[in-house]
file query-v3.cif (mmCIF, C-alpha atoms)
data_structure
loop_
_atom_site.label_atom_id
_atom_site.label_comp_id
_atom_site.auth_asym_id
_atom_site.auth_seq_id
_atom_site.Cartn_x
_atom_site.Cartn_y
_atom_site.Cartn_z
CA MET C 67 -14.29 -13.12 -117.24
CA SER C 68 -15.00 -14.15 -113.64
CA PHE C 69 -17.25 -11.21 -112.85
CA LYS C 70 -19.66 -8.79 -114.41
CA VAL C 71 -20.15 -5.11 -113.81
CA VAL C 72 -23.73 -4.54 -112.67
CA LYS C 73 -23.73 -0.79 -112.29
CA GLU C 74 -21.48 2.25 -112.56
CA GLN C 75 -21.80 5.81 -111.34
CA ALA C 76 -19.74 8.77 -112.51
CA SER C 77 -19.59 11.91 -110.42
CA VAL C 78 -17.87 15.21 -109.92
CA VAL C 79 -17.52 16.66 -106.43
CA ALA C 80 -16.39 20.24 -105.89
CA VAL C 81 -15.29 21.36 -102.44
CA GLY C 82 -15.42 25.04 -101.60
CA HIS C 83 -17.93 27.52 -100.26
CA PHE C 84 -21.38 27.39 -101.82
CA ASN C 85 -24.82 28.80 -101.36
CA PRO C 86 -26.99 25.67 -101.65
CA SER C 87 -30.28 27.53 -101.93
CA ILE C 88 -29.52 28.84 -105.42
CA PHE C 89 -29.09 25.37 -106.90
CA HIS C 90 -32.65 24.89 -108.05
CA PRO C 91 -33.37 23.07 -111.33
CA MET C 92 -34.77 26.27 -112.86
CA TRP C 93 -31.50 28.08 -112.09
CA PHE C 94 -29.71 25.53 -114.27
CA ALA C 95 -32.34 25.94 -117.00
CA LYS C 96 -32.04 29.71 -116.86
CA HIS C 97 -28.32 29.45 -117.55
CA GLY C 98 -28.77 26.93 -120.36
CA LEU C 99 -27.27 24.05 -118.41
CA LEU C 100 -30.42 21.92 -118.36
CA PRO C 101 -33.30 21.87 -120.82
CA THR C 102 -36.30 23.70 -119.39
CA SER C 103 -38.47 20.60 -119.76
CA GLU C 104 -36.00 18.57 -117.66
CA ALA C 105 -35.83 21.28 -115.02
CA GLU C 106 -39.62 21.53 -114.84
CA ALA C 107 -39.95 17.77 -114.48
CA ALA C 108 -37.10 17.42 -111.97
CA GLU C 109 -37.86 15.62 -108.77
CA LEU C 110 -37.18 18.31 -106.24
CA GLY C 111 -35.75 16.96 -103.02
CA LEU C 112 -35.05 20.09 -101.07
CA THR C 113 -34.00 23.68 -101.51
CA HIS C 114 -32.64 24.96 -98.25
CA PRO C 115 -29.79 27.22 -97.08
CA GLU C 116 -27.93 24.13 -95.87
CA LEU C 117 -28.78 21.60 -98.53
CA SER C 118 -30.29 21.46 -102.00
CA GLN C 119 -30.99 18.30 -103.89
CA PHE C 120 -32.88 17.34 -107.01
CA LYS C 121 -33.02 14.54 -109.54
CA THR C 122 -33.69 14.35 -113.24
CA PRO C 123 -33.88 11.11 -115.24
CA TRP C 124 -30.08 11.16 -115.64
CA LEU C 125 -28.74 13.46 -112.94
CA VAL C 126 -28.63 13.64 -109.17
CA LEU C 127 -27.42 16.98 -107.94
CA GLN C 128 -26.74 17.94 -104.37
CA ALA C 129 -25.23 21.06 -102.89
CA GLN C 130 -24.17 21.52 -99.31
CA ARG C 131 -22.33 24.54 -97.96
CA GLN C 132 -18.95 22.92 -98.64
CA ARG C 133 -19.70 20.27 -101.25
CA PHE C 134 -21.29 20.36 -104.66
CA ILE C 135 -22.01 16.95 -106.16
CA ALA C 136 -23.28 16.01 -109.60
CA GLN C 137 -23.60 12.36 -110.49
CA THR C 138 -25.13 10.06 -113.05
CA GLU C 139 -25.64 6.37 -113.42
CA ASP C 140 -26.52 6.63 -117.09
CA PRO C 141 -23.41 6.03 -119.23
CA SER C 142 -24.81 8.13 -122.07
CA PHE C 143 -24.78 11.21 -119.80
CA GLU C 144 -21.36 10.87 -118.20
CA MET C 145 -19.85 13.68 -120.23
CA SER C 146 -22.87 15.85 -119.49
CA VAL C 147 -22.02 15.71 -115.78
CA SER C 148 -18.66 17.34 -116.45
CA ASP C 149 -20.27 19.93 -118.73
CA LEU C 150 -22.84 20.76 -116.07
CA VAL C 151 -20.21 21.33 -113.39
CA GLN C 152 -18.03 23.38 -115.73
CA GLY C 153 -21.04 25.43 -116.74
CA THR C 154 -22.12 25.96 -113.15
CA PHE C 155 -18.77 27.36 -112.08
CA SER C 156 -18.42 29.34 -115.25
CA VAL C 157 -21.57 31.18 -114.19
CA LEU C 158 -20.38 31.30 -110.57
CA GLU C 159 -16.84 32.20 -111.53
CA HIS C 160 -16.00 33.92 -108.25
CA THR C 161 -17.06 30.98 -106.10
CA PRO C 162 -14.06 29.56 -104.25
CA VAL C 163 -13.39 25.94 -105.13
CA THR C 164 -10.44 24.41 -103.32
CA SER C 165 -10.54 20.84 -104.56
CA LEU C 166 -12.29 18.66 -107.07
CA GLY C 167 -13.14 14.99 -107.17
CA ILE C 168 -13.53 13.07 -110.39
CA ASN C 169 -15.07 9.85 -109.20
CA ARG C 170 -16.42 6.54 -110.30
CA LEU C 171 -18.21 3.81 -108.38
CA ILE C 172 -18.29 0.37 -109.98
CA TRP C 173 -20.44 -2.41 -108.57
CA ALA C 174 -19.54 -5.88 -109.75
CA GLN C 175 -20.64 -9.40 -109.03
CA PHE C 176 -18.36 -12.43 -109.17
CA ASP C 177 -19.59 -15.51 -110.98
CA ASP C 178 -18.68 -17.82 -108.11
CA GLU C 179 -17.95 -17.58 -104.42
CA LYS C 180 -14.51 -19.18 -104.67
CA THR C 181 -13.18 -16.48 -106.98
CA TRP C 182 -14.83 -13.78 -104.89
CA HIS C 183 -13.04 -15.05 -101.78
CA ALA C 184 -9.75 -15.49 -103.64
CA PHE C 185 -9.97 -11.85 -104.65
CA GLY C 186 -10.71 -10.80 -101.06
CA HIS C 187 -7.74 -12.82 -99.80
CA ALA C 188 -5.44 -11.33 -102.42
CA LEU C 189 -6.40 -7.80 -101.37
CA ALA C 190 -6.14 -8.50 -97.63
CA PRO C 191 -4.32 -11.69 -96.62
CA LYS C 192 -5.76 -13.18 -93.42
CA LYS C 193 -2.56 -14.74 -92.06
CA PRO C 194 -1.52 -11.64 -90.04
CA TRP C 195 -4.86 -11.77 -88.25
CA ASP C 196 -4.48 -15.36 -87.03
CA GLY C 197 -5.33 -15.58 -83.35
CA LEU C 198 -6.45 -11.97 -83.19
CA MET C 199 -9.85 -12.37 -84.75
CA GLU C 200 -12.25 -15.21 -85.21
CA ASN C 201 -12.84 -15.83 -88.90
CA PRO C 202 -11.77 -12.35 -90.11
CA GLY C 203 -13.28 -11.08 -93.33
CA THR C 204 -12.39 -8.29 -95.68
CA SER C 205 -14.76 -5.39 -95.32
CA ARG C 206 -12.97 -2.50 -96.95
CA VAL C 207 -9.50 -1.93 -98.35
CA THR C 208 -8.32 1.59 -99.19
CA MET C 209 -5.17 2.37 -101.16
CA VAL C 210 -3.85 5.88 -101.61
CA SER C 211 -1.38 7.15 -104.16
CA TRP C 212 0.02 10.38 -102.73
CA THR C 213 1.66 11.37 -105.97
CA ARG C 214 -0.10 11.18 -109.28
CA LYS C 215 1.47 9.72 -112.37
CA ASP C 216 -0.19 12.41 -114.51
CA GLY C 217 1.50 15.12 -112.43
CA LEU C 218 -1.74 16.83 -111.43
CA PRO C 219 -1.76 18.21 -107.87
CA GLY C 220 -3.68 15.80 -105.68
CA ARG C 221 -3.91 12.11 -105.05
CA LEU C 222 -5.67 8.97 -106.16
CA VAL C 223 -7.72 6.97 -103.68
CA MET C 224 -9.20 3.57 -104.44
CA THR C 225 -11.41 1.71 -102.01
CA MET C 226 -12.62 -1.82 -102.55
CA GLU C 227 -15.36 -3.08 -100.32
CA HIS C 228 -17.91 -5.78 -100.04
CA VAL C 229 -21.49 -4.94 -100.94
CA GLU C 230 -24.51 -5.70 -98.85
CA ASP C 231 -27.49 -7.10 -100.68
CA LEU C 232 -25.48 -8.17 -103.72
CA PRO C 233 -24.33 -11.77 -103.47
CA ARG C 234 -20.61 -12.08 -104.27
CA GLY C 235 -20.61 -8.36 -104.80
CA VAL C 236 -17.85 -5.82 -104.58
CA LEU C 237 -17.75 -2.07 -104.96
CA LEU C 238 -14.74 -0.21 -106.29
CA ASN C 239 -14.79 3.46 -105.31
CA ILE C 240 -12.27 5.53 -107.26
CA ASN C 241 -11.57 9.10 -106.19
CA HIS C 242 -9.28 11.33 -108.23
CA ASP C 243 -8.82 13.96 -105.55
CA LEU C 244 -7.46 17.03 -107.34
CA ARG C 245 -6.25 20.10 -105.51
CA GLN C 246 -5.50 23.68 -106.29
CA ASP C 247 -1.88 24.70 -106.52
CA GLY C 248 -0.86 26.53 -103.33
CA ASP C 249 -3.52 28.78 -101.85
CA ALA C 250 -5.42 29.37 -105.09
CA THR C 251 -9.18 29.11 -104.83
CA LEU C 252 -10.32 30.31 -108.23
CA ALA C 253 -12.95 27.93 -109.60
CA SER C 254 -11.78 28.45 -113.17
CA THR C 255 -8.42 26.74 -112.49
CA LEU C 256 -10.01 23.51 -111.36
CA MET C 257 -12.68 23.76 -114.04
CA ASN C 258 -9.92 23.85 -116.66
CA THR C 259 -8.46 20.77 -115.00
CA LEU C 260 -11.89 19.14 -115.17
CA ALA C 261 -12.34 20.01 -118.83
CA SER C 262 -8.90 18.69 -119.76
CA ASN C 263 -8.90 15.51 -117.71
CA TYR C 264 -12.44 14.24 -117.04
CA GLU C 265 -12.76 12.11 -120.15
CA ARG C 266 -9.33 10.50 -119.71
CA LEU C 267 -9.75 9.85 -115.99
CA GLN C 268 -13.20 8.31 -116.40
CA ALA C 269 -11.83 6.06 -119.16
CA GLU C 270 -9.00 4.97 -116.83
CA CYS C 271 -11.51 4.33 -114.06
CA ARG C 272 -13.62 2.15 -116.36
CA GLU C 273 -10.62 -0.07 -116.99
CA ALA C 274 -9.42 -0.20 -113.39
CA LEU C 275 -11.65 -2.97 -112.04
CA PRO C 276 -10.89 -5.65 -114.66
CA ARG C 277 -7.20 -4.86 -114.29
CA LEU C 278 -7.29 -4.97 -110.49
CA ILE C 279 -9.15 -8.26 -110.42
CA ALA C 280 -6.87 -9.83 -113.04
CA GLN C 281 -3.73 -8.72 -111.20
CA ALA C 282 -5.06 -9.81 -107.82
CA LEU C 283 -6.11 -13.23 -109.02
CA GLU C 284 -2.87 -13.68 -110.94
CA GLY C 285 -0.97 -13.08 -107.73
CA ALA C 286 -3.29 -15.40 -105.84
CA SER C 287 -2.86 -18.35 -108.17
CA MET W 1013 -17.21 -24.86 -97.40
CA SER W 1014 -13.47 -24.52 -97.50
CA ASP W 1015 -11.64 -22.29 -95.09
CA SER W 1016 -10.81 -19.86 -97.84
CA MET W 1017 -14.47 -19.53 -98.65
CA THR W 1018 -15.50 -18.48 -95.18
CA THR W 1019 -12.96 -15.84 -94.34
CA SER W 1020 -12.36 -13.67 -97.34
CA TRP W 1021 -15.21 -11.20 -97.09
CA VAL W 1022 -17.33 -10.32 -94.09
CA ASP W 1023 -20.58 -12.13 -93.54
CA PRO W 1024 -23.05 -9.96 -95.47
CA ASP W 1025 -25.90 -10.69 -93.06
CA ALA W 1026 -23.83 -9.77 -90.03
CA GLY W 1027 -22.84 -6.56 -91.75
CA THR W 1028 -26.43 -5.71 -92.40
CA ARG W 1029 -27.45 -6.37 -88.82
CA ILE W 1030 -24.65 -4.24 -87.44
CA ASP W 1031 -25.23 -1.50 -89.95
CA GLU W 1032 -28.93 -1.17 -89.21
CA GLY W 1033 -28.34 -0.32 -85.56
CA TRP W 1034 -25.32 1.79 -86.35
CA ARG W 1035 -27.11 3.74 -89.02
CA ALA W 1036 -30.03 4.46 -86.76
CA LEU W 1037 -27.68 5.84 -84.11
CA VAL W 1038 -25.34 7.77 -86.36
CA ALA W 1039 -28.09 9.22 -88.48
CA ARG W 1040 -29.31 11.12 -85.47
CA THR W 1041 -25.96 12.54 -84.61
CA HIS W 1042 -23.74 12.89 -87.66
CA PRO W 1043 -24.15 13.12 -91.39
CA VAL W 1044 -22.71 9.91 -92.79
CA GLY W 1045 -20.43 9.67 -95.76
CA PRO W 1046 -17.35 11.58 -96.74
CA THR W 1047 -16.53 14.53 -94.57
CA SER W 1048 -17.39 17.97 -95.83
CA GLY W 1049 -13.88 18.55 -97.15
CA SER W 1050 -13.70 15.29 -99.08
CA THR W 1051 -14.02 15.01 -102.84
CA GLU W 1052 -14.96 11.35 -102.56
CA ALA W 1053 -18.24 10.11 -104.03
CA HIS W 1054 -20.85 8.84 -101.61
CA GLY W 1055 -20.76 5.06 -101.69
CA ARG W 1056 -23.93 5.09 -99.67
CA GLY W 1057 -25.59 7.44 -102.05
CA LEU W 1058 -26.23 11.08 -101.45
CA VAL W 1059 -27.77 12.39 -98.31
CA GLU W 1060 -31.06 10.63 -98.50
CA LEU W 1061 -34.18 12.19 -97.07
CA SER W 1062 -37.48 10.43 -96.69
CA ARG W 1063 -40.61 11.99 -98.17
CA SER W 1064 -41.90 12.96 -94.73
CA GLU W 1065 -38.60 14.66 -93.94
CA LEU W 1066 -38.69 16.50 -97.21
CA ALA W 1067 -42.16 17.76 -96.39
CA VAL W 1068 -41.11 19.36 -93.13
CA ALA W 1069 -37.42 19.99 -93.84
CA PRO W 1070 -36.44 21.42 -90.48
CA ALA W 1071 -33.12 23.17 -90.06
CA PRO W 1072 -30.69 21.68 -89.31
CA VAL W 1073 -31.70 18.83 -91.56
CA THR W 1074 -31.58 15.31 -90.17
CA VAL W 1075 -29.53 13.17 -92.47
CA ILE W 1076 -30.48 9.56 -93.05
CA PRO W 1077 -28.04 7.61 -95.18
CA ARG W 1078 -29.57 4.93 -97.31
CA ALA W 1079 -28.41 1.35 -97.20
CA ARG W 1080 -25.42 0.46 -99.25
CA ARG W 1081 -26.89 -1.38 -102.13
CA PRO W 1082 -26.44 -1.03 -105.84
CA HIS W 1083 -30.11 -0.31 -106.59
CA LEU W 1084 -30.06 -2.45 -109.68
CA ASP W 1085 -32.34 -1.15 -112.35
CA TYR W 1086 -33.00 -1.91 -115.95
CA GLY W 1087 -30.13 0.38 -116.90
CA PHE W 1088 -28.37 1.21 -120.08
CA THR W 1089 -25.30 -0.75 -121.14
CA ASP W 1090 -23.12 1.20 -123.49
CA LEU W 1091 -21.22 -0.43 -126.31
CA LYS W 1092 -19.62 2.59 -127.95
CA ARG W 1093 -19.29 6.31 -127.28
CA TRP W 1094 -18.27 9.15 -129.48
CA GLN W 1095 -17.95 12.88 -129.17
CA GLY W 1096 -19.22 14.56 -132.31
CA THR W 1097 -18.89 17.97 -133.88
CA VAL W 1098 -21.56 19.16 -136.29
CA LEU W 1099 -20.02 20.02 -139.68
CA ASP W 1100 -23.08 20.75 -141.76
CA ILE W 1101 -26.86 20.60 -141.54
CA ASP W 1102 -29.33 19.84 -144.28
CA ARG W 1103 -32.70 20.55 -142.71
CA LYS W 1104 -34.48 19.90 -145.99
CA GLU W 1105 -33.15 16.37 -146.11
CA GLY W 1106 -33.46 16.03 -142.33
CA VAL W 1107 -29.82 15.11 -141.75
CA PHE W 1108 -26.71 16.61 -140.23
CA TRP W 1109 -23.13 15.75 -141.02
CA ALA W 1110 -20.73 15.26 -138.13
CA ARG W 1111 -17.16 14.30 -137.31
CA LEU W 1112 -16.86 11.72 -134.54
CA ARG W 1113 -14.09 11.08 -132.06
CA ASP W 1114 -13.90 7.85 -130.09
CA ILE W 1115 -14.22 8.43 -126.32
CA GLY W 1116 -14.68 6.28 -123.24
CA THR W 1117 -11.49 4.26 -123.55
CA THR W 1118 -7.82 4.84 -122.79
CA ALA W 1119 -6.92 3.54 -126.25
CA PRO W 1120 -9.32 5.40 -128.51
CA ASP W 1121 -9.61 4.53 -132.16
CA ASP W 1122 -7.55 7.12 -134.03
CA GLN W 1123 -9.71 6.84 -137.10
CA VAL W 1124 -11.80 9.95 -137.62
CA LEU W 1125 -15.33 9.11 -138.64
CA GLU W 1126 -17.61 11.41 -140.54
CA VAL W 1127 -21.24 10.41 -140.58
CA ASP W 1128 -24.69 11.58 -141.56
CA LEU W 1129 -27.17 11.46 -138.72
CA LEU W 1130 -30.91 11.96 -138.83
CA ILE W 1131 -32.11 15.18 -137.23
CA GLU W 1132 -35.06 13.22 -135.89
CA GLU W 1133 -32.59 11.38 -133.60
CA VAL W 1134 -32.05 14.66 -131.75
CA SER W 1135 -34.44 15.32 -128.88
CA GLU W 1136 -36.83 18.26 -129.05
CA ASP W 1137 -34.93 19.83 -126.15
CA ASP W 1138 -31.62 19.68 -127.99
CA LEU W 1139 -32.87 20.81 -131.42
CA PRO W 1140 -32.15 24.49 -130.67
CA LEU W 1141 -28.54 23.50 -129.99
CA LEU W 1142 -28.11 21.84 -133.40
CA ARG W 1143 -25.89 24.20 -135.32
CA VAL W 1144 -22.59 24.01 -137.15
CA GLY W 1145 -19.75 23.61 -134.65
CA ALA W 1146 -21.99 22.28 -131.87
CA VAL W 1147 -20.56 19.43 -129.81
CA PHE W 1148 -22.62 16.38 -128.92
CA TYR W 1149 -22.16 12.95 -127.36
CA TRP W 1150 -23.46 9.86 -129.11
CA THR W 1151 -23.76 6.61 -127.20
CA ILE W 1152 -25.01 3.33 -128.59
CA GLY W 1153 -25.83 0.35 -126.44
CA TYR W 1154 -28.83 -1.54 -125.19
CA ARG W 1155 -31.41 -1.41 -122.50
CA SER W 1156 -32.49 -4.61 -120.78
CA SER W 1157 -36.08 -5.40 -119.97
CA LEU W 1158 -35.07 -7.01 -116.66
CA PRO W 1159 -32.60 -5.97 -113.95
CA ASN W 1160 -28.95 -6.86 -114.09
CA GLY W 1161 -28.75 -7.10 -117.87
CA ARG W 1162 -31.28 -9.91 -118.13
CA GLY W 1163 -34.41 -10.15 -120.24
CA THR W 1164 -34.94 -8.74 -123.70
CA ARG W 1165 -32.30 -6.35 -124.96
CA ILE W 1166 -33.41 -3.30 -126.83
CA ARG W 1167 -30.89 -1.44 -128.97
CA ALA W 1168 -30.58 2.19 -128.00
CA SER W 1169 -28.90 5.25 -129.45
CA VAL W 1170 -28.63 8.40 -127.35
CA ILE W 1171 -27.56 11.78 -128.68
CA ARG W 1172 -27.02 14.54 -126.15
CA PHE W 1173 -25.76 17.99 -127.08
CA ARG W 1174 -23.24 19.76 -124.88
CA ARG W 1175 -24.78 22.50 -122.78
CA LEU W 1176 -22.54 25.28 -121.62
CA PRO W 1177 -23.57 28.80 -120.72
CA PRO W 1178 -23.08 31.33 -123.52
CA PRO W 1179 -19.74 33.13 -123.27
CA ARG W 1180 -20.12 36.37 -121.41
CA ILE W 1181 -18.81 39.50 -123.02
CA ASP W 1182 -17.21 42.11 -120.85
CA ARG W 1183 -18.57 45.11 -122.77
CA ALA W 1184 -16.41 47.66 -121.03
CA ALA W 1185 -13.22 45.70 -121.74
CA ALA W 1186 -14.29 45.07 -125.34
CA GLN W 1187 -15.00 48.77 -125.89
CA LYS W 1188 -11.62 49.66 -124.39
CA ARG W 1189 -9.82 47.18 -126.69
CA ALA W 1190 -11.77 48.52 -129.69
CA ALA W 1191 -10.77 52.08 -128.83
CA GLU W 1192 -7.11 51.03 -128.47
CA THR W 1193 -7.19 49.27 -131.83
CA GLN W 1194 -8.85 52.25 -133.44
CA ALA W 1195 -6.19 54.56 -132.00
CA LEU W 1196 -3.45 52.28 -133.32
CA PHE W 1197 -4.82 52.43 -136.86
CA THR W 1198 -5.34 56.19 -136.57
CA ASP W 1199 -1.67 56.57 -135.61
CA ILE W 1200 -0.59 54.42 -138.55
CA ASP W 1201 -2.81 56.44 -140.92
CA ASP W 1202 -1.32 59.69 -139.58
CA ASP W 1203 2.25 58.37 -140.01
CA PHE W 1204 1.43 57.22 -143.54
CA ALA W 1205 -0.14 60.58 -144.43
CA SER W 1206 2.82 62.55 -143.11
CA SER W 1207 5.43 60.38 -144.87
#
call {"tool": "encode", "arguments": {"input": "query-v3.cif", "output": "structure tokens"}}
result
Amino acid sequence: MSFKVVKEQASVVAVGHFNPSIFHPMWFAKHGLLPTSEAEAAELGLTHPELSQFKTPWLVLQAQRQRFIAQTEDPSFEMSVSDLVQGTFSVLEHTPVTSLGINRLIWAQFDDEKTWHAFGHALAPKKPWDGLMENPGTSRVTMVSWTRKDGLPGRLVMTMEHVEDLPRGVLLNINHDLRQDGDATLASTLMNTLASNYERLQAECREALPRLIAQALEGAS
Amino acid sequence: MSDSMTTSWVDPDAGTRIDEGWRALVARTHPVGPTSGSTEAHGRGLVELSRSELAVAPAPVTVIPRARRPHLDYGFTDLKRWQGTVLDIDRKEGVFWARLRDIGTTAPDDQVLEVDLLIEEVSEDDLPLLRVGAVFYWTIGYRSSLPNGRGTRIRASVIRFRRLPPPRIDRAAAQKRAAETQALFTDIDDDFASS
């Protein structure tokens, strides 16, 4: 293995129309979605009509008027993120949710600079840039799959980028961008999609980086 | 340094220098990160507010994105994950019996495991959720005493019970269905009596 994963983050992002000010830790405790002790000890960032944010030891939750985000960096709580989002929109069943992101960020560090650069070259060859730029470097590469192999409405977006402050570091940002069919906005539809697919998609995400690196370096050699 | 080693990725220091000025400018004008209609995760972290901003929290809120860095901590490295269903509980013996399903991989182990687990492994917060049929997640792995997986490794086992809101009962609909069912049986009884 020419690299090691140093950190991962799993998240669910719901896009719709929300009232951020209700998303207080005690609201989640009241509805049985967080233990009361966790809600009481939550680090409260802000509760405001435009933005609410709080943290618990395993969860960061943020709500804006159009985005609701729940994320964790603790692997033992990844499934709990999905449960929390499902529970939230089970309580708020009439809230319109138009799209849903099942996401994973994976930070990794290559063992040596040569392999790191070989990977960067494989993703974005520098030959086309000859004469146009002085010493061009790969900053960010985004690939989009407009149709999904699992047939779910939506797309898959993967972005690979270099990481500041982490020597030989890369960040793979995977976004399973799932949409409602047609003009539907009922939260329950996308929550069913979340319940049925979260575990599988996160498992696929976990295996994406080793596969991408192996395939890129195989092509480079 | 070979040519290939100087051109693959951008100079991290240059990126930092550019980003600092850019962030300062953009933070005062636009929220940074995915647009409001995007389902993408925030690579730069969530909207990050300093403590002084949190204290005053004016509206509209000024949004300061934090630097893109992995914030390495002493984190938990998982080795194995299961989803469990509680089959039986023996509070006297302090154990519960559960069926486990392999999760966290695209090629899960098909073998169904049934295990006894100690009730004392369940957190105080989750104890009220321990009942037959309850679903929980069990992760085993290790915590490192130093960042980035270095230092002493301490074995860890985490059990977390699924938390979902209790199913809501539509009383009016339930009463209507009960009345319809009752009427159906009454009709059958009447037909039987008259035959």
call {"tool": "resolve_selection", "arguments": {"input": "query-v3.cif", "expression": "the PyMOL selection byres ((chain C) within 6 of (chain W))", "output": "list in words"}}
result
Val72, Val79, His97, Gly98, Leu99, Pro101, Gln132, Ser142, Gly153, Leu166, Gly167, His183, Gly186, His187, Asn201, Pro202, Gly203, Thr204, Ser205, Glu230, Asp231, Asn241, Asp243 and Ala269 of chain C
call {"tool": "residues_around", "arguments": {"input": "query-v3.cif", "residues": "C:Ile135", "least_positions_apart": "5", "cutoff": "7 Å", "atoms": "all atoms listed in the file", "output": "PyMOL selection string"}}
result
chain C and resi 78-80+127-129
call {"tool": "write_last_selection", "arguments": {"input": "query-v3.cif", "atoms": "C-alpha atoms", "output": "JSON list (two decimals), in the frame of the given file"}}
result
[["chain", "number", "residue", "atom", "x", "y", "z"],
["C", 78, "VAL", "CA", -17.87, 15.21, -109.92],
["C", 79, "VAL", "CA", -17.52, 16.66, -106.43],
["C", 80, "ALA", "CA", -16.39, 20.24, -105.89],
["C", 127, "LEU", "CA", -27.42, 16.98, -107.94],
["C", 128, "GLN", "CA", -26.74, 17.94, -104.37],
["C", 129, "ALA", "CA", -25.23, 21.06, -102.89]]
call {"tool": "atom_distance", "arguments": {"input": "query-v3.cif", "atom1": "atom CA of C:Ile240", "atom2": "atom CA of C:Ala190"}}
result
18.1 Å
call {"tool": "closest_residue", "arguments": {"input": "query-v3.cif", "among": "W:Leu1139, W:Ile1166, W:Leu1125, W:Ala1185", "to": "W:Tyr1154", "atoms": "all atoms listed in the file"}}
result
W:Ile1166
call {"tool": "resolve_selection", "arguments": {"input": "query-v3.cif", "expression": "the PyMOL selection byres ((chain C and resi 265) around 10)", "output": "PDB file with C-alpha atoms, in the frame of the given file"}}
result
ATOM      1  CA  GLU C 144     -21.360  10.870-118.200  1.00  0.00           C
ATOM      2  CA  MET C 145     -19.850  13.680-120.230  1.00  0.00           C
ATOM      3  CA  SER C 148     -18.660  17.340-116.450  1.00  0.00           C
ATOM      4  CA  ILE C 168     -13.530  13.070-110.390  1.00  0.00           C
ATOM      5  CA  LEU C 260     -11.890  19.140-115.170  1.00  0.00           C
ATOM      6  CA  ALA C 261     -12.340  20.010-118.830  1.00  0.00           C
ATOM      7  CA  SER C 262      -8.900  18.690-119.760  1.00  0.00           C
ATOM      8  CA  ASN C 263      -8.900  15.510-117.710  1.00  0.00           C
ATOM      9  CA  TYR C 264     -12.440  14.240-117.040  1.00  0.00           C
ATOM     10  CA  ARG C 266      -9.330  10.500-119.710  1.00  0.00           C
ATOM     11  CA  LEU C 267      -9.750   9.850-115.990  1.00  0.00           C
ATOM     12  CA  GLN C 268     -13.200   8.310-116.400  1.00  0.00           C
ATOM     13  CA  ALA C 269     -11.830   6.060-119.160  1.00  0.00           C
ATOM     14  CA  GLU C 270      -9.000   4.970-116.830  1.00  0.00           C
ATOM     15  CA  CYS C 271     -11.510   4.330-114.060  1.00  0.00           C
TER      16      CYS C 271
ATOM     17  CA  ILE W1115     -14.220   8.430-126.320  1.00  0.00           C
ATOM     18  CA  GLY W1116     -14.680   6.280-123.240  1.00  0.00           C
ATOM     19  CA  THR W1117     -11.490   4.260-123.550  1.00  0.00           C
ATOM     20  CA  THR W1118      -7.820   4.840-122.790  1.00  0.00           C
TER      21      THR W1118
END
call {"tool": "atom_distance", "arguments": {"input": "query-v3.cif", "atom1": "atom CA of C:Thr122", "atom2": "atom CA of W:Val1107"}}
result
28.8 Å
call {"tool": "resolve_selection", "arguments": {"input": "query-v3.cif", "expression": "the PyMOL selection byres ((chain W and resi 1109) around 9)", "output": "list of chain:residue names"}}
result
W:Thr1097, W:Val1098, W:Leu1099, W:Asp1100, W:Ile1101, W:Asp1102, W:Val1107, W:Phe1108, W:Ala1110, W:Arg1111, W:Glu1126, W:Val1127, W:Asp1128, W:Leu1129, W:Leu1130
call {"tool": "residues_around", "arguments": {"input": "query-v3.cif", "residues": "C:Ala174", "least_positions_apart": "6", "cutoff": "10 Å", "atoms": "only C-alpha atoms", "output": "list of chain:residue names"}}
result
C:Phe69, C:Lys70, C:Val71, C:Val72, C:Lys73, C:Glu74, C:His228, C:Val229, C:Leu232, C:Pro233, C:Arg234, C:Gly235, C:Val236, C:Leu237, C:Leu238, C:Leu275, C:Pro276, W:Pro1082
call {"tool": "atom_distance", "arguments": {"input": "query-v3.cif", "atom1": "atom CA of C:Ala108", "atom2": "atom CA of C:Ser254"}}
result
27.6 Å
call {"tool": "residues_around", "arguments": {"input": "query-v3.cif", "residues": "C:Glu109", "least_positions_apart": "5", "cutoff": "10 Å", "atoms": "all atoms listed in the file", "output": "list in words"}}
result
Pro91, Glu104, Gln119, Phe120, Lys121, Thr122, Pro123 and Val126 of chain C
